[in-house]
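J.: Just so it is clear, I am handing over protein.csv, which has CSV, C-alpha atoms.
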```
chain,number,residue,atom,x,y,z
A,1,MET,CA,8.0,5.3,-4.7
A,2,ALA,CA,5.6,2.7,-6.3
A,3,THR,CA,2.0,2.8,-5.1
A,4,PRO,CA,0.8,-0.6,-3.7
A,5,ASP,CA,-2.5,-2.0,-4.9
A,6,LEU,CA,-5.0,-0.8,-2.3
A,7,ASP,CA,-8.5,-2.2,-2.6
A,8,PRO,CA,-10.7,0.8,-3.5
A,9,LEU,CA,-13.7,-0.7,-1.7
A,10,LEU,CA,-11.7,-1.1,1.5
A,11,LEU,CA,-10.3,2.5,1.5
A,12,ASP,CA,-13.5,3.5,3.2
A,13,PRO,CA,-12.9,3.2,7.0
A,14,THR,CA,-16.4,1.9,7.7
A,15,ARG,CA,-16.2,-0.9,5.2
A,16,LEU,CA,-12.7,-1.8,6.4
A,17,SER,CA,-14.0,-1.9,10.0
A,18,ILE,CA,-16.9,-4.2,8.9
A,19,VAL,CA,-14.6,-6.6,7.0
A,20,ALA,CA,-12.1,-6.6,9.8
A,21,LEU,CA,-14.8,-7.5,12.3
A,22,LEU,CA,-16.1,-10.3,10.1
A,23,SER,CA,-12.6,-11.7,9.5
A,24,GLY,CA,-12.5,-13.0,13.1
A,25,THR,CA,-16.0,-14.5,13.1
A,26,GLU,CA,-18.2,-16.9,11.2
A,27,TRP,CA,-21.8,-15.9,10.5
A,28,ALA,CA,-22.0,-12.9,12.8
A,29,GLU,CA,-25.4,-11.5,13.7
A,30,PHE,CA,-26.3,-8.2,12.0
A,31,SER,CA,-26.9,-6.5,15.4
A,32,TRP,CA,-23.5,-7.5,16.7
A,33,VAL,CA,-21.7,-6.1,13.7
A,34,ARG,CA,-23.9,-2.9,13.9
A,35,ASP,CA,-23.1,-2.4,17.6
A,36,SER,CA,-19.4,-3.3,17.3
A,37,ALA,CA,-18.9,-0.9,14.3
A,38,GLY,CA,-21.0,1.8,16.0
A,39,LEU,CA,-23.4,2.2,13.0
A,40,SER,CA,-27.1,2.6,12.5
A,41,ASP,CA,-29.1,-0.2,10.9
A,42,SER,CA,-29.4,1.8,7.7
A,43,ALA,CA,-25.7,2.7,7.5
A,44,LEU,CA,-24.7,-0.9,8.1
A,45,SER,CA,-27.2,-2.2,5.6
A,46,LYS,CA,-25.9,0.2,2.9
A,47,GLN,CA,-22.3,-0.9,3.5
A,48,ILE,CA,-23.2,-4.6,3.5
A,49,THR,CA,-25.0,-4.1,0.2
A,50,ASN,CA,-21.8,-2.7,-1.3
A,51,LEU,CA,-19.7,-5.5,0.2
A,52,ALA,CA,-22.1,-8.2,-0.8
A,53,ASN,CA,-22.4,-6.9,-4.4
A,54,SER,CA,-18.6,-7.2,-4.6
A,55,GLY,CA,-18.7,-10.7,-3.3
A,56,TYR,CA,-16.9,-9.9,-0.1
A,57,VAL,CA,-19.7,-10.6,2.3
A,58,GLU,CA,-22.3,-13.3,2.4
A,59,VAL,CA,-25.8,-12.6,3.8
A,60,LYS,CA,-28.1,-15.2,5.3
A,61,LYS,CA,-31.6,-14.3,6.5
A,62,GLY,CA,-33.7,-16.5,8.7
A,63,TYR,CA,-35.7,-16.6,11.9
A,64,VAL,CA,-35.1,-17.2,15.6
A,65,GLY,CA,-38.5,-18.1,16.8
A,66,LYS,CA,-40.7,-15.6,15.1
A,67,ARG,CA,-38.1,-12.9,15.0
A,68,PRO,CA,-36.3,-12.2,11.7
A,69,ARG,CA,-32.6,-12.3,11.8
A,70,THR,CA,-29.7,-11.5,9.4
A,71,TRP,CA,-26.3,-13.1,9.6
A,72,LEU,CA,-23.2,-11.9,7.9
A,73,ASN,CA,-20.1,-13.8,6.9
A,74,LEU,CA,-16.8,-12.7,5.2
A,75,SER,CA,-16.5,-14.8,2.0
A,76,ASP,CA,-13.2,-16.3,0.8
A,77,SER,CA,-12.8,-13.5,-1.6
A,78,GLY,CA,-13.4,-11.0,1.2
A,79,HIS,CA,-10.7,-12.7,3.3
A,80,GLN,CA,-8.3,-12.5,0.4
A,81,ALA,CA,-9.2,-8.9,-0.3
A,82,LEU,CA,-8.6,-7.9,3.3
A,83,ARG,CA,-5.2,-9.7,3.4
A,84,ALA,CA,-4.1,-8.0,0.2
A,85,HIS,CA,-5.3,-4.6,1.4
A,86,VAL,CA,-3.4,-5.0,4.7
A,87,ALA,CA,-0.3,-6.1,2.9
A,88,ALA,CA,-0.5,-3.0,0.7
A,89,LEU,CA,-0.9,-0.8,3.8
A,90,ASN,CA,2.1,-2.5,5.4
A,91,GLN,CA,4.1,-1.9,2.2
A,92,ILE,CA,3.3,1.8,2.4
A,93,VAL,CA,4.5,1.9,6.0
A,94,GLU,CA,7.7,0.0,5.2
A,95,GLN,CA,8.4,2.3,2.2
A,96,SER,CA,8.0,5.4,4.3
A,97,GLN,CA,10.3,4.0,7.0
A,98,ARG,CA,13.0,3.2,4.5
A,99,THR,CA,12.6,6.7,3.0
A,100,ARG,CA,12.9,8.3,6.5
A,101,ARG,CA,16.0,6.3,7.4
A,102,ALA,CA,17.6,7.2,4.0
A,103,GLU,CA,17.0,10.9,4.7
A,104,GLU,CA,18.4,10.8,8.3
A,105,PRO,CA,21.8,12.5,8.5
A,106,SER,CA,24.7,10.1,9.3
A,107,ASP,CA,27.1,10.9,12.0
```
For this file, produce the structure as structure tokens.
T.:
Amino acid sequence: MATPDLDPLLLDPTRLSIVALLSGTEWAEFSWVRDSAGLSDSALSKQITNLANSGYVEVKKGYVGKRPRTWLNLSDSGHQALRAHVAALNQIVEQSQRTRRAEEPSD
């Protein structure tokens, strides 16, 4: 069975969750992503740094009134990476189902 091309960065469940959350939004506030993913500020910050360094996430900093805010957006390459990773996961599932059906005894 050939192994599909899984994205090594997205094999981590936390990063996959972050990317999946951002895929349905545009410029989500850091606190919303933190709360939705169930992470601490420092844990999310570390994962965002990894994703941003790979070009998957864009980070924009600014202010709302006098309060600093950080917004996150899934880049085009992040969307593409997520689609490819999900396709690879689906391929694994399909291959395992075909293998299981081939091994089932016929009547």
J.: In Å, how far is it from CA of Ser42 in chain A to CA of His85 in chain A?
T.: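 Between CA of Ser42 in chain A and CA of His85 in chain A the gap works out to 25.7 Å.
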J.: Give as a PyMOL selection string each residue that has an atom at most 12 Å from (-12.1, -8.1, 12.0) in the file, counting all atoms listed in the file.
T.: chain A and resi 14-26+28+33+36-37+73-74+78-79+82-83+86
J.: Which value, in Å to one decimal, gives the distance between CA of Lys46 in chain A and CA of Pro4 in chain A?
T.: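 So the answer is 27.5 Å.
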J.: Between A:Phe30, A:Gly55, A:Trp71, A:Gly62, single out the one closest to Ala43 in chain A, counting only C-alpha atoms.
T.: A:Phe30
J.: Report, in Å with one decimal, the straight-line distance from CA of Ser31 in chain A to CA of Asp76 in chain A.
T.: 22.3 Å
J.: What box, with edges along x, y and z, holds each listed atom of range 64-71 of chain A when 5 Å is added on every side, and can you state its centre and edge lengths in Å to one decimal, as JSON?
T.:
```
{"center_x": -33.5, "center_y": -14.8, "center_z": 13.1, "size_x": 24.4, "size_y": 16.6, "size_z": 17.4}
```
J.: For each of A:Thr70, A:Ser75, A:Gln47, A:Asn90, take the minimum atom-to-atom distance to Asp5 in chain A, counting all atoms listed in the file, then give the residue where this is smallest.
T.: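 Checking each of A:Thr70, A:Ser75, A:Gln47, A:Asn90 against Asp5 in chain A, counting all atoms listed in the file, the winner is A:Asn90.
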J.: Between A:Ala81, A:Asp41, A:Leu72, A:Glu58, which one has atoms that come closest to Leu9 in chain A, using all atoms listed in the file?
T.: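 Among the listed residues, the smallest separation from Leu9 in chain A belongs to A:Ala81.
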J.: Pick from A:Gln97, A:Asn50, A:Gln91, A:Gln80: nearest to Asp12 in chain A, with all atoms listed in the file counted?
T.: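 Distance minimum relative to Asp12 in chain A lands on A:Asn50.
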J.: Could you tell me which of A:Ala88, A:Asp35, A:Val59, A:Thr99 comes closest to Asp7 in chain A if we count only C-alpha atoms?
T.: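 Of A:Ala88, A:Asp35, A:Val59, A:Thr99, the one nearest Asp7 in chain A is A:Ala88, counting only C-alpha atoms.
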